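Text of the file query-v7.cif, holding mmCIF, C-alpha atoms:
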```
data_query
loop_
_atom_site.label_atom_id
_atom_site.label_comp_id
_atom_site.auth_asym_id
_atom_site.auth_seq_id
_atom_site.Cartn_x
_atom_site.Cartn_y
_atom_site.Cartn_z
CA MET A 1 135.93 103.50 37.84
CA LYS A 2 136.32 103.60 34.08
CA GLU A 3 139.72 104.98 33.17
CA PRO A 4 140.65 106.63 29.87
CA SER A 5 142.56 104.16 27.71
CA GLY A 6 145.30 106.70 27.06
CA ALA A 7 146.21 106.89 30.74
CA ARG A 8 147.18 103.22 30.91
CA ASP A 9 148.83 103.32 27.50
CA LYS A 10 151.25 105.96 28.70
CA LYS A 11 152.74 104.14 31.71
CA PRO A 12 152.28 100.80 33.47
CA ALA A 13 149.61 100.54 36.15
CA GLY A 14 150.87 101.75 39.50
CA SER A 15 153.55 104.04 38.04
CA PRO A 16 153.74 107.72 39.07
CA MET A 17 152.34 108.78 35.69
CA GLU A 18 149.46 106.31 35.93
CA THR A 19 148.61 107.70 39.37
CA TYR A 20 148.97 111.28 38.09
CA PHE A 21 146.43 110.78 35.31
CA SER A 22 144.16 108.65 37.48
CA ASN A 23 143.97 111.39 40.14
CA ILE A 24 142.91 113.90 37.50
CA THR A 25 140.24 111.55 36.17
CA VAL A 26 138.88 110.81 39.65
CA LEU A 27 138.68 114.48 40.64
CA ASN A 28 136.93 115.38 37.41
CA GLN A 29 134.30 112.70 37.87
CA ALA A 30 133.80 113.35 41.59
CA LEU A 31 133.63 117.16 41.39
CA GLY A 32 131.68 117.43 38.14
CA GLU A 33 127.94 117.99 37.97
CA SER A 34 127.07 114.92 35.94
CA GLY A 35 129.21 112.42 37.82
CA GLU A 36 130.23 110.96 34.47
CA PRO A 37 133.86 110.58 33.34
CA PHE A 38 135.05 113.22 30.88
CA GLN A 39 134.58 112.17 27.29
CA ASP A 40 135.74 113.79 24.07
CA SER A 41 133.09 115.23 21.81
CA HIS A 42 133.40 115.37 18.04
CA SER A 43 131.48 117.73 15.79
CA ALA A 44 130.08 116.12 12.68
CA PRO A 45 131.77 117.08 9.40
CA GLN A 46 129.89 119.87 7.69
CA THR A 47 129.41 120.37 3.99
CA GLY A 48 130.23 123.56 2.16
CA ALA A 49 133.34 125.73 2.27
CA VAL A 50 132.00 128.19 4.85
CA ALA A 51 130.86 125.45 7.24
CA ALA A 52 134.21 123.67 6.95
CA ARG A 53 136.10 126.87 7.81
CA GLN A 54 134.01 127.36 10.95
CA ARG A 55 134.91 124.03 12.56
CA ALA A 56 137.35 124.05 15.49
CA VAL A 57 138.77 121.85 18.22
CA LEU A 58 139.00 122.96 21.83
CA TRP A 59 142.04 121.27 23.38
CA LEU A 60 141.55 121.22 27.14
CA GLY A 61 144.68 119.31 28.09
CA CYS A 62 144.52 117.24 31.26
CA ASN A 63 144.99 119.42 34.35
CA VAL A 64 141.98 121.68 33.89
CA LEU A 65 139.84 118.57 34.44
CA ARG A 66 140.71 118.91 38.15
CA THR A 67 138.36 121.91 38.08
CA PRO A 68 135.51 120.53 35.96
CA HIS A 69 133.45 123.71 36.18
CA LEU A 70 136.18 125.59 34.25
CA ALA A 71 136.41 122.93 31.56
CA GLN A 72 132.63 122.92 31.18
CA LEU A 73 132.41 126.72 30.95
CA ALA A 74 135.19 126.88 28.37
CA GLY A 75 133.20 124.56 26.12
CA LYS A 76 129.95 126.48 26.65
CA VAL A 77 131.53 129.85 25.84
CA LEU A 78 133.29 128.57 22.73
CA ARG A 79 130.13 126.93 21.41
CA LEU A 80 128.46 130.36 21.47
CA VAL A 81 131.29 131.61 19.26
CA ASN A 82 131.61 128.48 17.17
CA PRO A 83 128.90 125.79 17.34
CA GLU A 84 130.98 123.44 15.15
CA LEU A 85 133.25 122.53 18.05
CA SER A 86 134.99 119.30 19.00
CA VAL A 87 136.39 119.05 22.54
CA LEU A 88 139.42 116.85 23.25
CA GLY A 89 141.10 116.48 26.61
CA GLY A 90 142.52 114.21 29.27
CA ALA A 91 145.37 111.74 29.25
CA GLU A 92 144.66 110.56 25.72
CA HIS A 93 145.55 113.99 24.33
CA CYS A 94 148.54 114.90 26.48
CA CYS A 95 151.11 117.47 25.37
CA GLY A 96 153.82 115.48 27.19
CA SER A 97 154.70 118.11 29.76
CA PRO A 98 153.95 115.95 32.85
CA MET A 99 156.31 113.21 31.65
CA GLN A 100 159.91 112.93 32.80
CA GLU A 101 161.42 111.09 29.83
CA LYS A 102 162.02 112.96 26.60
CA GLY A 103 160.92 109.99 24.52
CA ASP A 104 157.63 109.75 26.40
CA ARG A 105 156.98 113.46 25.89
CA GLU A 106 157.70 113.26 22.17
CA ARG A 107 155.49 110.21 21.65
CA ALA A 108 152.60 111.75 23.60
CA LEU A 109 152.75 115.01 21.65
CA SER A 110 153.07 113.22 18.31
CA LYS A 111 149.97 111.11 19.06
CA THR A 112 148.02 114.18 20.16
CA ILE A 113 148.89 116.13 17.02
CA GLY A 114 147.70 113.13 15.02
CA ASP A 115 144.41 113.22 16.92
CA PHE A 116 143.91 116.86 15.95
CA GLN A 117 144.76 116.19 12.32
CA ALA A 118 142.19 113.39 12.29
CA GLU A 119 139.50 115.95 13.18
CA ARG A 120 140.26 117.75 9.89
CA VAL A 121 139.54 121.21 11.28
CA PRO A 122 141.24 124.51 10.41
CA THR A 123 141.56 125.83 13.97
CA LEU A 124 142.86 124.35 17.21
CA VAL A 125 141.97 126.34 20.33
CA SER A 126 144.21 125.50 23.30
CA TRP A 127 143.20 126.09 26.90
CA CYS A 128 146.26 125.05 28.90
CA PRO A 129 149.41 127.24 28.96
CA SER A 130 151.72 124.22 29.08
CA CYS A 131 149.96 122.59 26.15
CA HIS A 132 149.98 125.87 24.24
CA THR A 133 153.75 126.25 24.69
CA ASN A 134 154.77 122.61 24.35
CA LEU A 135 152.91 122.20 21.09
CA ARG A 136 154.85 125.10 19.61
CA LYS A 137 158.21 124.15 21.05
CA GLY A 138 157.95 120.42 20.45
CA SER A 139 156.74 120.31 16.86
CA ASP A 140 156.86 122.11 13.53
CA PRO A 141 153.76 124.26 12.90
CA ALA A 142 154.26 123.86 9.16
CA SER A 143 153.38 120.17 9.54
CA TRP A 144 150.17 120.62 11.54
CA GLY A 145 147.63 121.48 8.89
CA PHE A 146 145.73 123.78 11.29
CA GLU A 147 146.11 127.14 13.02
CA GLU A 148 146.60 127.04 16.80
CA LEU A 149 145.38 129.85 19.07
CA HIS A 150 145.12 130.22 22.82
CA ILE A 151 141.48 130.42 23.88
CA THR A 152 141.81 134.04 25.00
CA GLU A 153 142.89 135.06 21.49
CA PHE A 154 140.20 132.98 19.82
CA ILE A 155 137.41 134.54 21.89
CA ALA A 156 138.87 138.04 21.47
CA ARG A 157 138.84 137.61 17.70
CA HIS A 158 135.09 136.94 17.82
CA LEU A 159 133.87 139.30 20.53
CA GLU A 160 131.35 140.82 18.12
CA ARG A 161 129.45 137.50 18.11
CA LEU A 162 128.84 137.66 21.86
CA GLU A 163 126.33 139.74 23.81
CA LEU A 164 127.86 140.57 27.18
CA ARG A 165 125.35 141.84 29.71
CA PRO A 166 125.80 143.92 32.88
CA ARG A 167 125.50 141.05 35.33
CA LEU A 168 128.61 141.84 37.37
CA SER A 169 130.12 144.61 39.43
CA ALA A 170 133.68 143.93 40.50
CA ARG A 171 137.02 145.64 41.01
CA LEU A 172 139.65 143.09 40.14
CA MET A 173 143.35 142.43 39.88
CA LEU A 174 144.38 140.46 36.81
CA HIS A 175 147.05 137.88 37.55
CA GLY A 176 149.07 136.55 34.66
CA HIS A 177 152.56 135.52 33.61
CA THR A 178 154.66 137.60 31.25
CA GLY A 179 158.16 137.62 29.80
CA ALA A 180 157.52 134.98 27.12
CA PRO A 181 155.72 135.72 23.82
CA ASP A 182 152.91 133.21 24.45
CA ARG A 183 152.24 134.52 27.97
CA ASP A 184 152.44 138.17 26.90
CA ARG A 185 149.78 137.55 24.26
CA ASP A 186 147.56 135.62 26.69
CA MET A 187 147.75 138.52 29.17
CA ALA A 188 146.88 141.09 26.51
CA TYR A 189 143.93 139.11 25.15
CA CYS A 190 142.58 138.30 28.61
CA ARG A 191 142.76 142.00 29.48
CA ARG A 192 140.72 142.74 26.36
CA LEU A 193 138.09 140.16 27.31
CA LEU A 194 137.72 141.48 30.85
CA ASN A 195 137.49 145.08 29.65
CA ALA A 196 134.58 144.03 27.43
CA ILE A 197 132.51 142.82 30.41
CA PRO A 198 130.12 145.55 31.66
CA GLY A 199 130.63 146.35 35.34
CA VAL A 200 134.14 144.92 35.59
CA ALA A 201 137.07 147.22 36.33
CA ILE A 202 140.72 146.14 36.29
CA VAL A 203 142.31 148.16 39.10
CA ALA A 204 145.66 146.35 39.10
CA GLU A 205 147.69 143.73 37.28
CA GLN A 206 150.28 141.36 38.69
CA ALA A 207 152.95 139.23 37.05
CA ASP A 208 156.14 137.92 38.66
CA ALA A 209 158.91 136.57 36.44
CA ASP A 210 160.14 134.30 39.26
CA LEU A 211 156.85 132.38 39.10
CA GLY A 212 157.72 131.14 35.63
CA LEU A 213 155.11 130.28 33.03
CA HIS A 214 152.30 129.56 35.49
CA CYS A 215 151.86 128.91 39.22
CA VAL A 216 152.80 125.25 39.55
CA PRO A 217 154.61 124.44 42.83
CA MET A 218 156.28 121.31 41.46
CA LEU A 219 157.90 123.45 38.75
CA VAL A 220 158.57 126.69 40.62
CA ALA A 221 159.43 125.55 44.16
CA PRO A 222 162.46 123.42 43.16
CA ARG A 223 163.90 126.47 41.44
CA ILE A 224 163.26 129.21 44.01
CA GLY A 225 162.43 127.17 47.13
CA VAL A 226 159.15 126.32 48.82
CA ASP A 227 159.30 129.26 51.24
CA ALA A 228 159.98 131.72 48.42
CA PHE A 229 157.08 130.31 46.40
CA GLU A 230 154.69 130.67 49.34
CA HIS A 231 155.98 134.18 50.07
CA LYS A 232 155.33 135.24 46.48
CA LEU A 233 151.74 134.01 46.57
CA LYS A 234 151.25 135.77 49.88
CA ALA A 235 152.62 138.97 48.32
CA LEU A 236 150.26 138.51 45.36
CA LEU A 237 147.25 138.37 47.67
CA ALA A 238 148.51 141.40 49.62
CA ARG A 239 148.97 143.34 46.39
CA ALA A 240 145.33 142.74 45.47
CA ARG A 241 144.14 144.08 48.80
CA GLU A 242 146.40 147.12 48.61
CA ALA A 243 144.99 147.91 45.16
CA GLY A 244 141.44 147.82 46.52
CA ALA A 245 140.53 144.77 44.45
CA GLU A 246 137.59 142.61 45.47
CA MET A 247 138.68 139.77 43.23
CA ILE A 248 141.79 138.20 41.76
CA VAL A 249 141.20 136.94 38.24
CA THR A 250 143.56 134.35 36.80
CA ILE A 251 144.19 133.41 33.20
CA TYR A 252 145.44 129.91 33.92
CA HIS A 253 143.71 127.12 35.81
CA SER A 254 146.93 126.24 37.65
CA CYS A 255 147.10 129.74 39.15
CA TYR A 256 143.42 129.55 40.06
CA ARG A 257 143.92 126.30 41.97
CA GLU A 258 146.99 127.41 43.90
CA LEU A 259 145.50 130.76 44.91
CA GLU A 260 142.15 129.23 45.86
CA LYS A 261 143.88 126.81 48.20
CA ARG A 262 145.71 129.67 49.93
CA LEU A 263 142.92 132.23 50.14
CA SER A 264 141.01 133.00 53.32
CA LEU A 265 137.36 133.90 52.83
CA ASP A 266 137.60 137.46 54.10
CA GLY A 267 136.13 139.48 51.26
CA LEU A 268 138.71 138.72 48.58
CA VAL A 269 137.81 135.99 46.08
CA VAL A 270 139.64 134.37 43.20
CA GLU A 271 138.09 133.41 39.88
CA ASN A 272 139.23 132.32 36.48
CA TYR A 273 138.30 134.79 33.75
CA ILE A 274 136.13 132.19 31.97
CA THR A 275 133.73 132.20 34.94
CA LEU A 276 133.21 135.97 34.70
CA PHE A 277 132.78 135.74 30.96
CA ALA A 278 130.18 132.99 31.32
CA LYS A 279 128.22 135.01 33.88
CA ALA A 280 128.19 138.04 31.57
CA LEU A 281 126.79 135.77 28.85
CA ASP A 282 124.03 134.52 31.17
CA LEU A 283 125.35 130.97 31.00
CA PRO A 284 124.59 128.71 33.98
CA VAL A 285 127.70 128.35 36.13
CA PRO A 286 128.20 124.91 37.70
CA ALA A 287 128.86 124.56 41.41
CA ASN A 288 132.52 125.10 42.30
CA VAL A 289 133.10 122.00 44.42
CA TYR A 290 136.86 122.54 44.15
CA ARG A 291 136.45 125.77 46.14
CA GLU A 292 134.38 124.04 48.80
CA LEU A 293 137.10 121.43 49.32
CA ALA A 294 139.90 124.01 49.23
CA HIS A 295 138.34 125.85 52.14
CA GLY A 296 138.08 122.92 54.50
CA GLY A 297 134.91 121.37 53.20
CA SER A 298 135.07 118.20 55.27
CA ALA A 299 131.31 117.74 55.08
CA ARG A 300 131.48 118.15 51.30
CA PHE A 301 134.25 115.57 51.13
CA ASP A 302 132.17 113.16 53.19
CA GLN A 303 129.35 113.66 50.71
CA LEU A 304 131.68 112.95 47.80
CA LEU A 305 132.78 109.72 49.48
CA SER A 306 129.16 108.79 50.07
CA ASP A 307 128.36 109.38 46.40
CA ALA A 308 131.50 107.67 45.10
CA GLU A 309 129.96 104.28 44.41
CA LYS A 310 126.94 105.84 42.68
CA ARG A 311 129.33 107.73 40.40
CA GLY A 312 131.39 104.63 39.69
CA ILE A 313 134.43 105.83 41.69
CA ASP A 314 136.50 103.72 44.01
CA ARG A 315 136.50 105.38 47.47
CA ALA A 316 140.18 104.66 48.07
CA GLU A 317 141.08 106.26 44.72
CA LEU A 318 139.00 109.32 45.57
CA GLU A 319 140.62 109.69 49.00
CA ARG A 320 144.05 109.40 47.39
CA ALA A 321 143.23 112.00 44.73
CA VAL A 322 141.81 114.53 47.20
CA LYS A 323 144.74 114.07 49.57
CA ALA A 324 147.19 114.67 46.71
CA GLU A 325 145.33 117.75 45.51
CA PHE A 326 144.74 119.33 48.93
CA PRO A 327 147.78 118.54 51.11
CA PRO A 328 147.89 120.31 54.49
CA ALA A 329 149.50 123.68 54.00
CA PRO A 330 149.53 126.99 55.88
CA ARG A 331 147.27 129.62 54.41
CA THR A 332 149.12 132.73 53.30
CA SER A 333 146.39 135.34 53.32
#
```

Show how you would write the structure in this file as structure tokens.
Amino acid sequence: MKEPSGARDKKPAGSPMETYFSNITVLNQALGESGEPFQDSHSAPQTGAVAARQRAVLWLGCNVLRTPHLAQLAGKVLRLVNPELSVLGGAEHCCGSPMQEKGDRERALSKTIGDFQAERVPTLVSWCPSCHTNLRKGSDPASWGFEELHITEFIARHLERLELRPRLSARLMLHGHTGAPDRDRDMAYCRRLLNAIPGVAIVAEQADADLGLHCVPMLVAPRIGVDAFEHKLKALLARAREAGAEMIVTIYHSCYRELEKRLSLDGLVVENYITLFAKALDLPVPANVYRELAHGGSARFDQLLSDAEKRGIDRAELERAVKAEFPPAPRTS
């Protein structure tokens, strides 16, 4: 399997960080529609002052690539708003948050900021909450040379450019994280986006300060305990049912993944907001293979293994990545 050069540059082969990035790359390639490894895309420089102002970079980060359908939809939606779009993601453009050593984090973020500056665009649109926060905390905005916005804010600023159609009918609970300025803004802008979709009704909202900045077990469980983390997600699912919601909608991909893995298919579903937005825009929505695997899709996994060689993936690497992503765990719903 072809591995992004940045992944091996960050840590020696066989190290925990090398495995971390490799697992993301393998899942993206195995679960994606095309079967091709994720690659950056770069918009060509445009002439004229207006064209130059319209260029932007979508910064995916690395972890959303575990759910390739979300990464793909984010790019499709943003290109409707702004056709002059570059898309950068994966290990080569890491914010540093997965790394344990301060020096590694600083070097990764410095390189990534340099990558954005090389694009010479006025606007950086960030997808990942960790990337969004770490960029602001770990560097001086005055030195960037671009404006950085979370994707929810960027889309909300340009809602008038989008024609949202009545393709959905859903009562939903919006799940977010509040208590920090970045997260408060993301929640407010996501609420605005959902309220703009015909047929969608927000019947409840849920945010729990104990869950931190987003639902990541490796960050939250050491602080509050594994049992407490699982109890809180169970309570989140119960809250949705009590509110009469048919759907839980997440802002962050991390929350989507953790809830999907714990959700029984009994009438309540979980989606990321970008999926609903894409449907309302009549964009084709890729198959959600992540969901199939999360709900015991052994036959689907066997198919992925069968297709591994055709997609240029080592079977042992794929088995390792799936095992790491879907460890046995009791369902909480």

*For the file shown, report as a PyMOL selection string the outcome of the PyMOL selection byres ((chain A and resi 282) around 12) at residue level.*
chain A and resi 73+76-77+80+162-168+197+275-281+283-285

*Which distance in Å separates atom CA of Ser86 of chain A and atom CA of Tyr273 of chain A, to one decimal?*
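Going from atom CA of Ser86 of chain A over to atom CA of Tyr273 of chain A, I get 21.6 Å.
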
*Choose the residue, out of A:Val289, A:Met247, A:Ala156, A:Val125, that has the smallest atom-to-atom separation from Gly267 of chain A; count all atoms listed in the file.*
A:Met247

Give me, as an mmCIF file with C-alpha atoms, in the frame of the given file, all polymer residues having an atom no more than 7 Å from segment 253-260 of chain A, counting only C-alpha atoms and skipping those fewer than 6 positions away in the same chain.
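Ended up saving to selection-v2.cif:
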```
data_model
loop_
_atom_site.group_PDB
_atom_site.id
_atom_site.type_symbol
_atom_site.label_atom_id
_atom_site.label_comp_id
_atom_site.auth_asym_id
_atom_site.auth_seq_id
_atom_site.Cartn_x
_atom_site.Cartn_y
_atom_site.Cartn_z
ATOM 1 C CA VAL A 64 141.980 121.680 33.890
ATOM 2 C CA HIS A 214 152.300 129.560 35.490
ATOM 3 C CA CYS A 215 151.860 128.910 39.220
ATOM 4 C CA VAL A 216 152.800 125.250 39.550
ATOM 5 C CA VAL A 270 139.640 134.370 43.200
ATOM 6 C CA GLU A 271 138.090 133.410 39.880
ATOM 7 C CA ASN A 272 139.230 132.320 36.480
ATOM 8 C CA ARG A 291 136.450 125.770 46.140
ATOM 9 C CA ALA A 294 139.900 124.010 49.230
#
```

_Selection dump of the PyMOL selection byres ((chain A and resi 174) around 8), as number ranges by chain_ = A: 172-173, 175-176, 191, 202, 204-206, 248-251

_Test item: residues at most 12 Å from Asn23 of chain A, only C-alpha atoms, excluding those fewer than 5 positions along its chain, as a VMD selection string_ = chain A and resid 1 3 to 4 7 14 16 to 18 28 to 31 62 to 63 65 to 66 90 to 91 313 to 314 316 to 326

Need the shell around Val57 of chain A: protein/DNA/RNA residues with any atom at most 8 Å away, counting only C-alpha atoms. Skip same-chain ones fewer than 2 positions apart. Format as a PDB file with C-alpha atoms, keeping the file's coordinate frame?
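Generated file (selection-v3.pdb):
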```
ATOM      1  CA  ARG A  55     134.910 124.030  12.560  1.00  0.00           C
ATOM      2  CA  TRP A  59     142.040 121.270  23.380  1.00  0.00           C
ATOM      3  CA  LEU A  85     133.250 122.530  18.050  1.00  0.00           C
ATOM      4  CA  SER A  86     134.990 119.300  19.000  1.00  0.00           C
ATOM      5  CA  VAL A  87     136.390 119.050  22.540  1.00  0.00           C
ATOM      6  CA  LEU A  88     139.420 116.850  23.250  1.00  0.00           C
ATOM      7  CA  PHE A 116     143.910 116.860  15.950  1.00  0.00           C
ATOM      8  CA  GLU A 119     139.500 115.950  13.180  1.00  0.00           C
ATOM      9  CA  VAL A 121     139.540 121.210  11.280  1.00  0.00           C
ATOM     10  CA  THR A 123     141.560 125.830  13.970  1.00  0.00           C
ATOM     11  CA  LEU A 124     142.860 124.350  17.210  1.00  0.00           C
ATOM     12  CA  VAL A 125     141.970 126.340  20.330  1.00  0.00           C
TER      13      VAL A 125
END
```

*Pick from A:Arg136, A:His150, A:Arg311, A:Arg241, whichever lies nearest to Val269 of chain A using all atoms listed in the file*: A:Arg241

Could you put an axis-aligned box around every listed atom of segment 75-78 of chain A, padded by 8 Å on each side, and send me its centre and edge lengths in Å to one decimal, as lines of an AutoDock Vina configuration file?
```
center_x = 131.6
center_y = 127.2
center_z = 24.7
size_x = 19.3
size_y = 21.3
size_z = 19.9
```
